[in-house]
$ cat structure00.cif   # mmCIF, C-alpha atoms (C1' of nucleotides)
data_target
#
loop_
_atom_site.label_atom_id
_atom_site.label_comp_id
_atom_site.auth_asym_id
_atom_site.auth_seq_id
_atom_site.Cartn_x
_atom_site.Cartn_y
_atom_site.Cartn_z
CA MET A 1 53.78 161.97 101.44
CA THR A 2 50.21 161.21 100.56
CA SER A 3 49.85 164.03 98.12
CA MET A 4 49.72 161.72 95.08
CA THR A 5 49.57 164.82 92.93
CA THR A 6 52.73 164.16 91.08
CA GLY A 7 52.81 166.09 87.89
CA GLN A 8 54.61 164.93 84.82
CA GLY A 9 53.57 168.08 83.01
CA ARG A 10 56.12 170.77 82.48
CA PRO A 11 54.97 172.61 79.37
CA ASP A 12 57.95 174.92 78.83
CA ALA A 13 59.49 176.34 81.98
CA PRO A 14 60.98 179.85 81.81
CA ALA A 15 64.20 178.44 80.35
CA PRO A 16 66.94 177.33 82.76
CA ALA A 17 69.18 180.31 82.11
CA GLU A 18 71.43 180.06 85.15
CA PRO A 19 71.20 176.76 87.00
CA ASP A 20 69.89 177.19 90.53
CA ARG A 21 68.41 180.50 91.54
CA SER A 22 64.87 181.55 92.42
CA ALA A 23 65.07 180.82 96.13
CA GLU A 24 65.06 177.05 96.59
CA ALA A 25 68.07 175.78 94.70
CA GLU A 26 66.30 173.22 92.46
CA ARG A 27 69.03 170.59 92.49
CA LEU A 28 68.71 167.78 90.02
CA LEU A 29 69.51 164.30 91.23
CA ARG A 30 71.17 161.46 89.43
CA ILE A 31 69.64 158.08 89.32
CA GLN A 32 71.54 156.61 92.24
CA GLU A 33 70.56 159.44 94.57
CA VAL A 34 66.98 159.08 93.51
CA ALA A 35 67.21 155.37 94.18
CA ALA A 36 68.54 155.98 97.67
CA GLU A 37 65.82 158.48 98.40
CA THR A 38 62.94 156.39 97.11
CA GLY A 39 64.11 152.97 98.15
CA LEU A 40 63.93 151.80 94.57
CA THR A 41 66.84 150.46 92.54
CA PRO A 42 68.30 152.31 89.57
CA ARG A 43 67.25 149.37 87.46
CA SER A 44 63.65 149.71 88.53
CA ILE A 45 63.65 153.41 87.85
CA ARG A 46 65.00 152.86 84.36
CA TYR A 47 62.47 150.13 83.86
CA TYR A 48 59.64 152.42 84.87
CA GLU A 49 60.87 154.84 82.28
CA GLU A 50 61.05 152.06 79.73
CA VAL A 51 57.39 151.19 80.27
CA GLY A 52 56.41 154.83 80.17
CA LEU A 53 55.72 155.61 83.80
CA LEU A 54 58.03 158.63 83.94
CA ARG A 55 60.65 160.51 82.03
CA PRO A 56 63.45 162.23 83.89
CA THR A 57 63.14 166.00 83.86
CA ALA A 58 66.45 166.39 82.09
CA ARG A 59 69.58 164.76 80.82
CA SER A 60 73.09 165.97 81.49
CA VAL A 61 75.49 166.74 78.65
CA GLY A 62 76.77 163.21 78.87
CA ASP A 63 73.21 161.89 78.79
CA TYR A 64 72.92 161.18 82.50
CA ARG A 65 69.33 161.05 83.71
CA LEU A 66 68.52 164.02 85.97
CA TYR A 67 65.49 164.06 88.23
CA ASP A 68 63.78 166.90 90.04
CA ALA A 69 61.52 167.00 93.08
CA SER A 70 58.37 166.25 91.11
CA ASP A 71 60.01 163.16 89.66
CA LEU A 72 60.77 162.07 93.19
CA GLU A 73 57.15 162.46 94.15
CA ARG A 74 56.04 160.56 91.14
CA LEU A 75 58.33 157.69 91.94
CA GLN A 76 57.13 157.62 95.50
CA ALA A 77 53.57 157.52 94.26
CA ILE A 78 54.46 154.63 91.98
CA LYS A 79 56.05 152.81 94.85
CA ALA A 80 53.06 153.38 97.10
CA LEU A 81 50.64 152.14 94.47
CA ARG A 82 52.83 149.13 93.85
CA ASP A 83 53.63 148.12 97.43
CA ASP A 84 50.63 149.30 99.37
CA ALA A 85 47.88 148.89 96.85
CA GLY A 86 49.58 146.03 95.09
CA LEU A 87 48.76 147.32 91.64
CA SER A 88 50.55 146.26 88.49
CA LEU A 89 52.67 148.76 86.64
CA ALA A 90 50.07 148.76 83.90
CA GLU A 91 47.35 149.76 86.32
CA ILE A 92 49.60 152.37 87.83
CA GLY A 93 50.22 153.74 84.39
CA GLN A 94 46.50 154.11 83.85
CA ILE A 95 46.08 155.86 87.16
CA LEU A 96 48.89 158.27 86.50
CA GLU A 97 47.51 159.09 83.09
CA ASP A 98 44.16 159.78 84.62
CA GLU A 99 45.88 161.93 87.18
CA GLU A 100 47.53 163.96 84.48
CA ALA A 101 44.33 164.34 82.57
CA ARG A 102 42.87 165.83 85.73
CA ARG A 103 45.78 168.19 86.07
CA ARG A 104 45.42 169.32 82.50
CA ALA A 105 41.72 169.80 82.97
CA LYS A 106 42.39 171.82 86.06
CA ALA A 107 44.83 174.00 84.19
CA ALA A 108 42.45 174.41 81.29
CA LEU A 109 39.77 175.63 83.65
CA LYS A 110 41.57 178.90 84.19
CA ALA A 111 41.02 179.86 80.58
CA ILE A 112 37.41 178.83 80.37
CA ASP A 113 34.53 181.06 81.25
CA ASP A 114 31.50 179.22 79.96
CA PRO A 115 29.81 177.84 83.10
CA ALA A 116 28.42 174.80 81.29
CA GLU A 117 31.84 173.87 80.02
CA ARG A 118 33.34 174.40 83.45
CA ALA A 119 30.72 172.16 85.00
CA ALA A 120 31.46 169.48 82.44
CA ILE A 121 35.15 169.58 83.23
CA PHE A 122 34.47 169.30 86.93
CA ARG A 123 32.21 166.34 86.35
CA GLU A 124 34.83 164.61 84.29
CA ARG A 125 37.47 165.18 86.92
CA LEU A 126 35.09 163.83 89.50
CA ALA A 127 34.42 160.73 87.45
CA SER A 128 38.14 160.22 87.13
CA VAL A 129 38.86 160.26 90.86
CA GLU A 130 35.86 158.04 91.34
CA ARG A 131 37.44 155.51 89.03
CA LEU A 132 40.59 155.74 91.06
CA GLU A 133 38.68 155.24 94.25
CA ALA A 134 36.88 152.27 92.77
CA SER A 135 40.22 150.64 92.07
CA LEU A 136 41.44 151.08 95.63
CA ARG A 137 38.38 150.88 97.84
CA PRO A 138 37.55 147.18 97.48
CA LYS A 139 41.05 146.21 98.42
CA LEU A 140 40.98 148.53 101.38
CA ASP A 141 37.68 147.17 102.59
CA ARG A 142 38.70 143.56 102.37
CA LEU A 143 42.08 144.18 103.85
CA GLN A 144 40.38 146.01 106.66
CA ALA A 145 38.10 143.07 107.32
CA LEU A 146 41.07 140.75 107.32
CA VAL A 147 42.96 142.87 109.81
CA ALA A 148 39.91 143.33 112.01
CA ASP A 149 39.62 139.58 112.14
CA VAL A 150 43.21 139.22 113.18
CA GLU A 151 42.78 141.97 115.74
CA ALA A 152 39.84 140.20 117.29
CA ARG A 153 41.79 137.00 117.62
CA LYS A 154 44.67 138.91 119.12
CA GLY A 155 42.32 140.39 121.71
CA ARG A 156 40.97 137.01 122.68
CA LEU A 157 44.44 135.58 122.98
CA ARG A 158 45.52 138.51 125.17
CA ASP A 159 42.68 137.66 127.51
CA HIS A 160 43.71 134.07 127.60
CA VAL A 161 47.30 134.94 128.32
CA ALA A 162 46.19 137.25 131.12
CA ALA A 163 43.94 134.58 132.57
CA ALA A 164 46.62 131.94 132.40
CA GLU A 165 49.13 134.22 134.09
CA ALA A 166 46.64 135.14 136.79
CA GLU A 167 46.11 131.48 137.45
CA LEU A 168 49.85 131.07 137.65
CA GLN A 169 50.05 133.78 140.30
CA ARG A 170 47.19 132.40 142.37
CA GLY A 171 49.08 129.16 142.58
CA PRO A 172 48.30 125.82 140.99
CA GLY A 173 45.91 123.11 142.03
CA VAL A 174 42.86 125.05 140.86
CA GLU A 175 40.72 123.23 138.33
CA ARG A 176 40.17 125.46 135.32
CA GLY A 177 36.71 126.26 134.04
CA LYS A 178 35.50 126.03 130.46
CA ALA A 179 37.12 128.51 128.07
CA ARG A 180 36.51 128.67 124.32
CA SER A 181 39.31 129.21 121.82
CA MET B 1 34.07 134.83 104.77
CA THR B 2 36.59 136.46 107.04
CA SER B 3 37.08 133.46 109.20
CA MET B 4 40.62 132.76 107.95
CA THR B 5 40.65 129.71 110.17
CA THR B 6 41.08 127.22 107.44
CA GLY B 7 42.38 124.02 108.82
CA GLN B 8 44.51 121.66 106.84
CA GLY B 9 44.53 119.25 109.74
CA ARG B 10 42.30 116.20 109.59
CA PRO B 11 43.99 113.66 111.86
CA ASP B 12 41.94 110.56 111.07
CA ALA B 13 38.20 111.07 110.71
CA PRO B 14 35.86 108.29 111.91
CA ALA B 15 36.38 106.42 108.66
CA PRO B 16 34.04 107.22 105.73
CA ALA B 17 32.01 104.03 105.99
CA GLU B 18 29.01 105.04 103.92
CA PRO B 19 29.51 108.18 101.86
CA ASP B 20 27.25 111.02 102.97
CA ARG B 21 25.37 110.69 106.24
CA SER B 22 25.63 112.47 109.58
CA ALA B 23 23.29 115.33 108.71
CA GLU B 24 25.10 117.65 106.28
CA ALA B 25 25.90 115.52 103.26
CA GLU B 26 29.63 116.31 103.02
CA ARG B 27 29.88 116.38 99.25
CA LEU B 28 33.33 116.43 97.79
CA LEU B 29 33.94 118.72 94.86
CA ARG B 30 36.11 118.19 91.83
CA ILE B 31 38.60 120.75 90.78
CA GLN B 32 36.43 122.53 88.25
CA GLU B 33 33.60 123.05 90.71
CA VAL B 34 36.05 124.36 93.25
CA ALA B 35 37.42 126.70 90.63
CA ALA B 36 33.96 128.00 89.85
CA GLU B 37 33.21 128.54 93.50
CA THR B 38 36.44 130.27 94.37
CA GLY B 39 37.01 132.24 91.22
CA LEU B 40 40.36 130.57 90.74
CA THR B 41 41.38 128.47 87.76
CA PRO B 42 42.00 124.74 88.01
CA ARG B 43 45.54 125.45 86.96
CA SER B 44 46.08 127.83 89.85
CA ILE B 45 44.63 125.37 92.30
CA ARG B 46 46.96 122.65 91.09
CA TYR B 47 49.81 125.10 91.24
CA TYR B 48 49.01 125.95 94.83
CA GLU B 49 49.16 122.31 95.61
CA GLU B 50 52.43 122.02 93.76
CA VAL B 51 53.99 124.71 95.94
CA GLY B 52 52.56 123.18 99.07
CA LEU B 53 49.73 125.52 99.95
CA LEU B 54 47.09 122.78 100.16
CA ARG B 55 46.42 119.16 99.48
CA PRO B 56 42.97 118.02 98.43
CA THR B 57 41.14 116.12 101.14
CA ALA B 58 40.90 113.03 98.99
CA ARG B 59 41.43 111.48 95.61
CA SER B 60 38.86 109.48 93.72
CA VAL B 61 39.60 105.95 92.57
CA GLY B 62 40.75 107.33 89.28
CA ASP B 63 42.96 109.85 91.11
CA TYR B 64 40.69 112.84 90.65
CA ARG B 65 41.30 115.56 93.22
CA LEU B 66 38.42 115.86 95.68
CA TYR B 67 37.95 118.89 97.88
CA ASP B 68 35.79 119.43 100.94
CA ALA B 69 34.44 122.57 102.57
CA SER B 70 37.58 123.25 104.56
CA ASP B 71 39.62 123.13 101.36
CA LEU B 72 37.25 125.68 99.92
CA GLU B 73 37.81 127.95 102.88
CA ARG B 74 41.53 127.55 102.62
CA LEU B 75 41.48 128.46 98.95
CA GLN B 76 39.38 131.49 99.65
CA ALA B 77 41.81 132.53 102.34
CA ILE B 78 44.66 132.13 99.88
CA LYS B 79 42.84 134.23 97.36
CA ALA B 80 42.09 136.94 99.89
CA LEU B 81 45.68 137.09 101.02
CA ARG B 82 46.85 137.18 97.43
CA ASP B 83 44.39 139.70 96.01
CA ASP B 84 43.55 141.89 98.96
CA ALA B 85 46.77 141.84 100.89
CA GLY B 86 48.89 141.35 97.80
CA LEU B 87 51.11 138.77 99.46
CA SER B 88 53.28 136.33 97.57
CA LEU B 89 52.46 132.66 97.67
CA ALA B 90 55.57 132.16 99.78
CA GLU B 91 54.35 134.63 102.38
CA ILE B 92 50.93 133.07 102.29
CA GLY B 93 52.51 129.72 102.88
CA GLN B 94 54.24 131.06 105.96
CA ILE B 95 51.04 132.54 107.26
CA LEU B 96 49.10 129.34 106.75
CA GLU B 97 51.77 127.33 108.50
CA ASP B 98 51.64 129.72 111.40
CA GLU B 99 47.91 129.36 111.39
CA GLU B 100 48.14 125.63 111.59
CA ALA B 101 50.68 125.79 114.35
CA ARG B 102 48.17 127.87 116.28
CA ARG B 103 45.46 125.33 115.62
CA ARG B 104 47.67 122.52 116.80
CA ALA B 105 48.60 124.46 119.91
CA LYS B 106 44.95 125.09 120.57
CA ALA B 107 44.19 121.41 120.25
CA ALA B 108 47.12 120.48 122.44
CA LEU B 109 45.82 122.80 125.15
CA LYS B 110 42.96 120.48 125.92
CA ALA B 111 45.35 117.81 127.12
CA ILE B 112 47.56 120.09 129.17
CA ASP B 113 46.90 120.98 132.75
CA ASP B 114 50.11 122.63 133.89
CA PRO B 115 49.24 126.35 134.08
CA ALA B 116 52.75 127.46 133.24
CA GLU B 117 52.78 125.37 130.12
CA ARG B 118 49.34 126.61 129.18
CA ALA B 119 50.45 130.20 129.60
CA ALA B 120 53.45 129.55 127.41
CA ILE B 121 51.29 128.14 124.66
CA PHE B 122 48.98 131.12 124.80
CA ARG B 123 51.91 133.49 124.59
CA GLU B 124 53.26 131.68 121.58
CA ARG B 125 49.91 131.79 119.84
CA LEU B 126 49.68 135.46 120.61
CA ALA B 127 53.12 136.09 119.19
CA SER B 128 52.06 134.27 116.06
CA VAL B 129 48.99 136.38 115.39
CA GLU B 130 51.05 139.43 116.15
CA ARG B 131 53.43 138.46 113.40
CA LEU B 132 50.49 138.05 111.09
CA GLU B 133 49.17 141.44 112.06
CA ALA B 134 52.56 142.98 111.52
CA SER B 135 52.58 141.69 107.97
CA LEU B 136 49.19 143.19 107.17
CA ARG B 137 48.93 146.36 109.24
CA PRO B 138 51.46 148.55 107.43
CA LYS B 139 49.81 147.90 104.12
CA LEU B 140 46.42 148.64 105.56
CA ASP B 141 47.59 151.89 107.08
CA ARG B 142 49.19 153.16 103.95
CA LEU B 143 46.35 152.06 101.74
CA GLN B 144 44.02 153.82 104.12
CA ALA B 145 45.99 157.03 103.83
CA LEU B 146 45.94 156.72 100.07
CA VAL B 147 42.22 156.24 99.94
CA ALA B 148 41.60 159.03 102.42
CA ASP B 149 43.53 161.30 100.13
CA VAL B 150 41.46 160.29 97.17
CA GLU B 151 38.29 160.72 99.20
CA ALA B 152 39.27 164.25 100.14
CA ARG B 153 39.83 165.16 96.53
CA LYS B 154 36.54 163.61 95.61
CA GLY B 155 34.82 165.74 98.22
CA ARG B 156 36.38 168.91 96.93
CA LEU B 157 35.44 168.07 93.38
CA ARG B 158 31.86 167.37 94.42
CA ASP B 159 31.72 170.86 95.85
CA HIS B 160 33.06 172.31 92.66
CA VAL B 161 30.58 170.43 90.56
CA ALA B 162 27.76 171.61 92.78
CA ALA B 163 28.98 175.18 92.61
CA ALA B 164 29.33 175.06 88.86
CA GLU B 165 25.85 173.66 88.43
CA ALA B 166 24.40 176.24 90.77
CA GLU B 167 25.99 178.92 88.66
CA LEU B 168 24.47 177.31 85.62
CA GLN B 169 21.03 177.49 87.17
CA ARG B 170 21.38 181.09 88.23
CA GLY B 171 22.08 181.90 84.66
CA PRO B 172 25.27 183.15 83.01
CA GLY B 173 26.85 186.58 82.97
CA VAL B 174 28.01 186.36 86.53
CA GLU B 175 31.73 186.82 87.00
CA ARG B 176 33.08 183.99 89.09
CA GLY B 177 35.11 184.56 92.22
CA LYS B 178 38.47 183.01 92.96
CA ALA B 179 38.30 179.32 93.76
CA ARG B 180 41.27 177.13 94.61
CA SER B 181 41.09 173.52 93.52
"C1'" DC C 1 95.06 164.74 83.49
"C1'" DA C 2 94.52 160.37 85.39
"C1'" DT C 3 91.42 157.58 87.65
"C1'" DA C 4 87.72 156.17 90.56
"C1'" DA C 5 83.01 156.34 90.72
"C1'" DC C 6 79.06 156.85 88.12
"C1'" DC C 7 76.47 156.66 84.09
"C1'" DT C 8 74.74 154.84 79.36
"C1'" DT C 9 72.64 151.25 76.28
"C1'" DT C 10 72.17 146.47 75.06
"C1'" DA C 11 71.20 142.11 76.04
"C1'" DC C 12 70.67 137.99 78.25
"C1'" DG C 13 68.95 135.69 82.71
"C1'" DT C 14 65.54 134.78 86.39
"C1'" DA C 15 61.75 133.99 89.79
"C1'" DA C 16 56.92 133.96 90.35
"C1'" DA C 17 52.61 132.61 88.85
"C1'" DC C 18 50.39 130.79 86.05
"C1'" DG C 19 48.48 129.41 80.60
"C1'" DG C 20 48.07 125.91 77.31
"C1'" DC C 21 48.69 121.69 75.02
"C1'" DA C 22 49.47 116.71 74.46
"C1'" DA C 23 48.70 111.94 75.57
"C1'" DG C 24 46.09 109.19 78.03
"C1'" DG C 25 42.97 107.53 81.98
"C1'" DT C 26 38.01 108.28 84.43
"C1'" DT C 27 32.99 109.23 85.04
"C1'" DT C 28 28.61 109.37 83.80
"C1'" DG C 29 24.29 109.87 81.22
"C1'" DG C 30 21.77 107.49 77.75
"C1'" DC D 1 28.88 99.83 76.53
"C1'" DC D 2 30.07 104.09 74.47
"C1'" DA D 3 30.76 108.89 73.72
"C1'" DA D 4 31.07 113.42 75.93
"C1'" DA D 5 32.93 115.70 79.52
"C1'" DC D 6 36.23 115.76 82.92
"C1'" DC D 7 40.45 114.55 84.97
"C1'" DT D 8 45.64 113.26 85.32
"C1'" DT D 9 50.67 114.20 84.78
"C1'" DG D 10 54.10 116.09 82.21
"C1'" DC D 11 56.19 119.87 79.94
"C1'" DC D 12 57.05 123.89 77.44
"C1'" DG D 13 55.60 128.89 76.88
"C1'" DT D 14 54.49 133.58 78.64
"C1'" DT D 15 54.13 137.81 81.23
"C1'" DT D 16 55.74 140.83 84.77
"C1'" DA D 17 59.25 143.05 87.01
"C1'" DC D 18 63.13 143.34 87.53
"C1'" DG D 19 68.82 141.43 88.26
"C1'" DT D 20 73.18 141.23 86.27
"C1'" DA D 21 76.95 141.57 83.33
"C1'" DA D 22 79.36 143.69 79.33
"C1'" DA D 23 81.37 147.38 76.74
"C1'" DG D 24 82.07 151.83 76.72
"C1'" DG D 25 81.28 157.04 77.63
"C1'" DT D 26 81.06 160.93 81.72
"C1'" DT D 27 82.10 163.52 86.07
"C1'" DA D 28 84.30 164.75 90.02
"C1'" DT D 29 88.58 164.92 92.53
"C1'" DG D 30 93.35 165.07 93.89
#
$ encode --input "structure00.cif" --output "structure tokens"
Amino acid sequence: MTSMTTGQGRPDAPAPAEPDRSAEAERLLRIQEVAAETGLTPRSIRYYEEVGLLRPTARSVGDYRLYDASDLERLQAIKALRDDAGLSLAEIGQILEDEEARRRAKAALKAIDDPAERAAIFRERLASVERLEASLRPKLDRLQALVADVEARKGRLRDHVAAAEAELQRGPGVERGKARS
Amino acid sequence: MTSMTTGQGRPDAPAPAEPDRSAEAERLLRIQEVAAETGLTPRSIRYYEEVGLLRPTARSVGDYRLYDASDLERLQAIKALRDDAGLSLAEIGQILEDEEARRRAKAALKAIDDPAERAAIFRERLASVERLEASLRPKLDRLQALVADVEARKGRLRDHVAAAEAELQRGPGVERGKARS
DNA sequence: CATAACCTTTACGTAAACGGCAAGGTTTGG
DNA sequence: CCAAACCTTGCCGTTTACGTAAAGGTTATG
């Protein structure tokens, strides 16, 4: 679920002659099923399409949107970036484009033999994930600090609760000593 | 900067007889200075007041908003919760109220001697920070997973870059072995 | 083949979080 | 005391990310 490698690149599949064969029965889902599975609403999914975050793999004869597994992944990635990282759809769009550029570069590598060119492609891919990291890391760090702070306070309060309950057990009448916080 | 203990509770100070004395020259800032210091806009600060997130410590004769250090802290906390944790102003409001309730409970403790009552107050405070933690922890965990994922990819790409550059150094003509990316 | 359940596009509505402007009062340096 | 810089309270506008309803095709099922 953390794969984040959610390709929107299907440059001509081997033509869907007969629907569903080749082992794993590639069922296509309609928008409501996708919504149920991702926890998004159909409206949101259509909206994401509207702003260019994903196109459904296919359309039915009657123009129903049809999604495959990779679309699912992509939507889950979008949701994660939105909810967990709190990014705007615009930022998410950038990230996904970057992601695709990396995928294309990776694919292109197979056809390239010149070592210098290969090195250049690797460096570019590296720079791209570093940009991605740069967009997430600060938030992570600060959130981590925030939570650590809360944790510390929780620990102190646990101690205080324990102490207070111990005092309760020992019976009252005992004057309490200084205790901060 | 991670204190997060930003009190909006000033129950009657010893009356500001002469402005500025008592060691640390408690200067009050006007909205623009506060904006500069917090990275917020004056508009946002007024808006936060409008929705009840903070009231300035004082007003000048001419009704200018005047903020003190604790207001600064509170605004920084708001900003952290908004930007890092990605919470809505409504959620932030809840959290700050909780925070204040804890502060009041803490203050009340000093006057209470009954151990049972003290224990109860501690338990309530504990429950409160646990709610706060519950609102932050899931995001942190998932963000962490996301970043770890990105990190891993970065590591792999670093290796590939290194390998490619090594190959460059060794000179061309060498057929490259299989390498999964 | 009828019909319920689902889908389509189009379009208007909304909540959140401000941005920006107008009209007018306040502070402060010179 | 006066002008520049800053502030106030409206109040309308905007962007983002959808919600919701309308009008009308599509699919699955008995």
$ resolve_selection --input "structure00.cif" --expression "the PyMOL selection byres ((chain D) within 8 of (chain A))" --output "CSV table (one decimal) with C-alpha atoms (C1' of nucleotides), keeping the file's coordinate frame"
chain,number,residue,atom,x,y,z
D,18,DC,C1',63.1,143.3,87.5
D,25,DG,C1',81.3,157.0,77.6
D,26,DT,C1',81.1,160.9,81.7
$ atom_distance --input "structure00.cif" --atom1 "atom CA of A:Leu54" --atom2 "atom CA of A:Ser128"
20.2 Å
$ resolve_selection --input "structure00.cif" --expression "the PyMOL selection byres ((chain D and resi 10) around 12)" --output "PyMOL selection string"
(chain C and resi 21-24) or (chain D and resi 8-9+11-12)
$ resolve_selection --input "structure00.cif" --expression "the PyMOL selection byres ((chain A) within 6 of (chain B))" --output "MDAnalysis selection string"
chainID A and resid 84 86 115 119 122 126 139 143 157 161 164 168
$ interface_residues --input "structure00.cif" --of "chain C" --to "chain B" --cutoff "12 Å" --atoms "all atoms listed in the file" --output "NGL selection string"
:C and (15-20 or 25-27)
$ atom_distance --input "structure00.cif" --atom1 "atom CA of B:Gly39" --atom2 "atom C1' of D:DT16"
21.6 Å
$ atom_distance --input "structure00.cif" --atom1 "atom C1' of D:DT15" --atom2 "atom CA of B:Gln94"
25.6 Å
$ closest_residue --input "structure00.cif" --among "A:Ile78, A:Ala105, A:Val34, A:Arg65" --to "A:Glu91" --atoms "all atoms listed in the file"
A:Ile78
$ residues_around --input "structure00.cif" --residues "D:DG30" --least-positions-apart "3" --cutoff "12 Å" --atoms "only C-alpha atoms (C1' of nucleotides)" --output "PyMOL selection string"
chain C and resi 1-4
$ decode --input "structure00.cif" --residues "stretch 155-172 of chain B" --atoms "N, CA and C atoms" --output "mmCIF file, in the first residue's frame"
data_model
loop_
_atom_site.group_PDB
_atom_site.id
_atom_site.type_symbol
_atom_site.label_atom_id
_atom_site.label_comp_id
_atom_site.auth_asym_id
_atom_site.auth_seq_id
_atom_site.Cartn_x
_atom_site.Cartn_y
_atom_site.Cartn_z
ATOM 1 N N GLY B 155 17.728 5.590 -2.260
ATOM 2 C CA GLY B 155 18.904 4.757 -2.034
ATOM 3 C C GLY B 155 19.235 3.903 -3.245
ATOM 4 N N ARG B 156 18.224 3.272 -3.780
ATOM 5 C CA ARG B 156 18.464 2.418 -4.943
ATOM 6 C C ARG B 156 19.003 3.225 -6.108
ATOM 7 N N LEU B 157 18.422 4.422 -6.287
ATOM 8 C CA LEU B 157 18.866 5.235 -7.419
ATOM 9 C C LEU B 157 20.305 5.704 -7.220
ATOM 10 N N ARG B 158 20.654 6.000 -5.961
ATOM 11 C CA ARG B 158 22.037 6.391 -5.680
ATOM 12 C C ARG B 158 22.984 5.295 -6.137
ATOM 13 N N ASP B 159 22.620 4.067 -5.798
ATOM 14 C CA ASP B 159 23.445 2.930 -6.207
ATOM 15 C C ASP B 159 23.593 2.885 -7.721
ATOM 16 N N HIS B 160 22.481 3.085 -8.384
ATOM 17 C CA HIS B 160 22.518 3.015 -9.838
ATOM 18 C C HIS B 160 23.383 4.114 -10.426
ATOM 19 N N VAL B 161 23.255 5.293 -9.854
ATOM 20 C CA VAL B 161 24.085 6.393 -10.337
ATOM 21 C C VAL B 161 25.556 6.056 -10.141
ATOM 22 N N ALA B 162 25.858 5.567 -8.943
ATOM 23 C CA ALA B 162 27.251 5.207 -8.656
ATOM 24 C C ALA B 162 27.760 4.164 -9.640
ATOM 25 N N ALA B 163 26.938 3.150 -9.861
ATOM 26 C CA ALA B 163 27.327 2.081 -10.770
ATOM 27 C C ALA B 163 27.563 2.627 -12.173
ATOM 28 N N ALA B 164 26.645 3.471 -12.605
ATOM 29 C CA ALA B 164 26.765 4.015 -13.952
ATOM 30 C C ALA B 164 28.028 4.861 -14.088
ATOM 31 N N GLU B 165 28.328 5.610 -13.041
ATOM 32 C CA GLU B 165 29.517 6.458 -13.128
ATOM 33 C C GLU B 165 30.797 5.636 -13.065
ATOM 34 N N ALA B 166 30.745 4.570 -12.290
ATOM 35 C CA ALA B 166 31.895 3.666 -12.245
ATOM 36 C C ALA B 166 32.154 3.094 -13.623
ATOM 37 N N GLU B 167 31.092 2.692 -14.270
ATOM 38 C CA GLU B 167 31.211 2.129 -15.610
ATOM 39 C C GLU B 167 31.812 3.156 -16.564
ATOM 40 N N LEU B 168 31.392 4.391 -16.352
ATOM 41 C CA LEU B 168 31.921 5.474 -17.175
ATOM 42 C C LEU B 168 33.433 5.591 -17.008
ATOM 43 N N GLN B 169 33.859 5.523 -15.773
ATOM 44 C CA GLN B 169 35.291 5.629 -15.477
ATOM 45 C C GLN B 169 36.086 4.493 -16.100
ATOM 46 N N ARG B 170 35.549 3.289 -15.927
ATOM 47 C CA ARG B 170 36.259 2.106 -16.438
ATOM 48 C C ARG B 170 36.352 2.121 -17.954
ATOM 49 N N GLY B 171 35.679 3.031 -18.546
ATOM 50 C CA GLY B 171 35.696 3.100 -19.985
ATOM 51 C C GLY B 171 34.607 2.240 -20.580
ATOM 52 N N PRO B 172 34.200 2.592 -21.809
ATOM 53 C CA PRO B 172 33.054 1.954 -22.458
ATOM 54 C C PRO B 172 33.418 0.567 -23.001
#
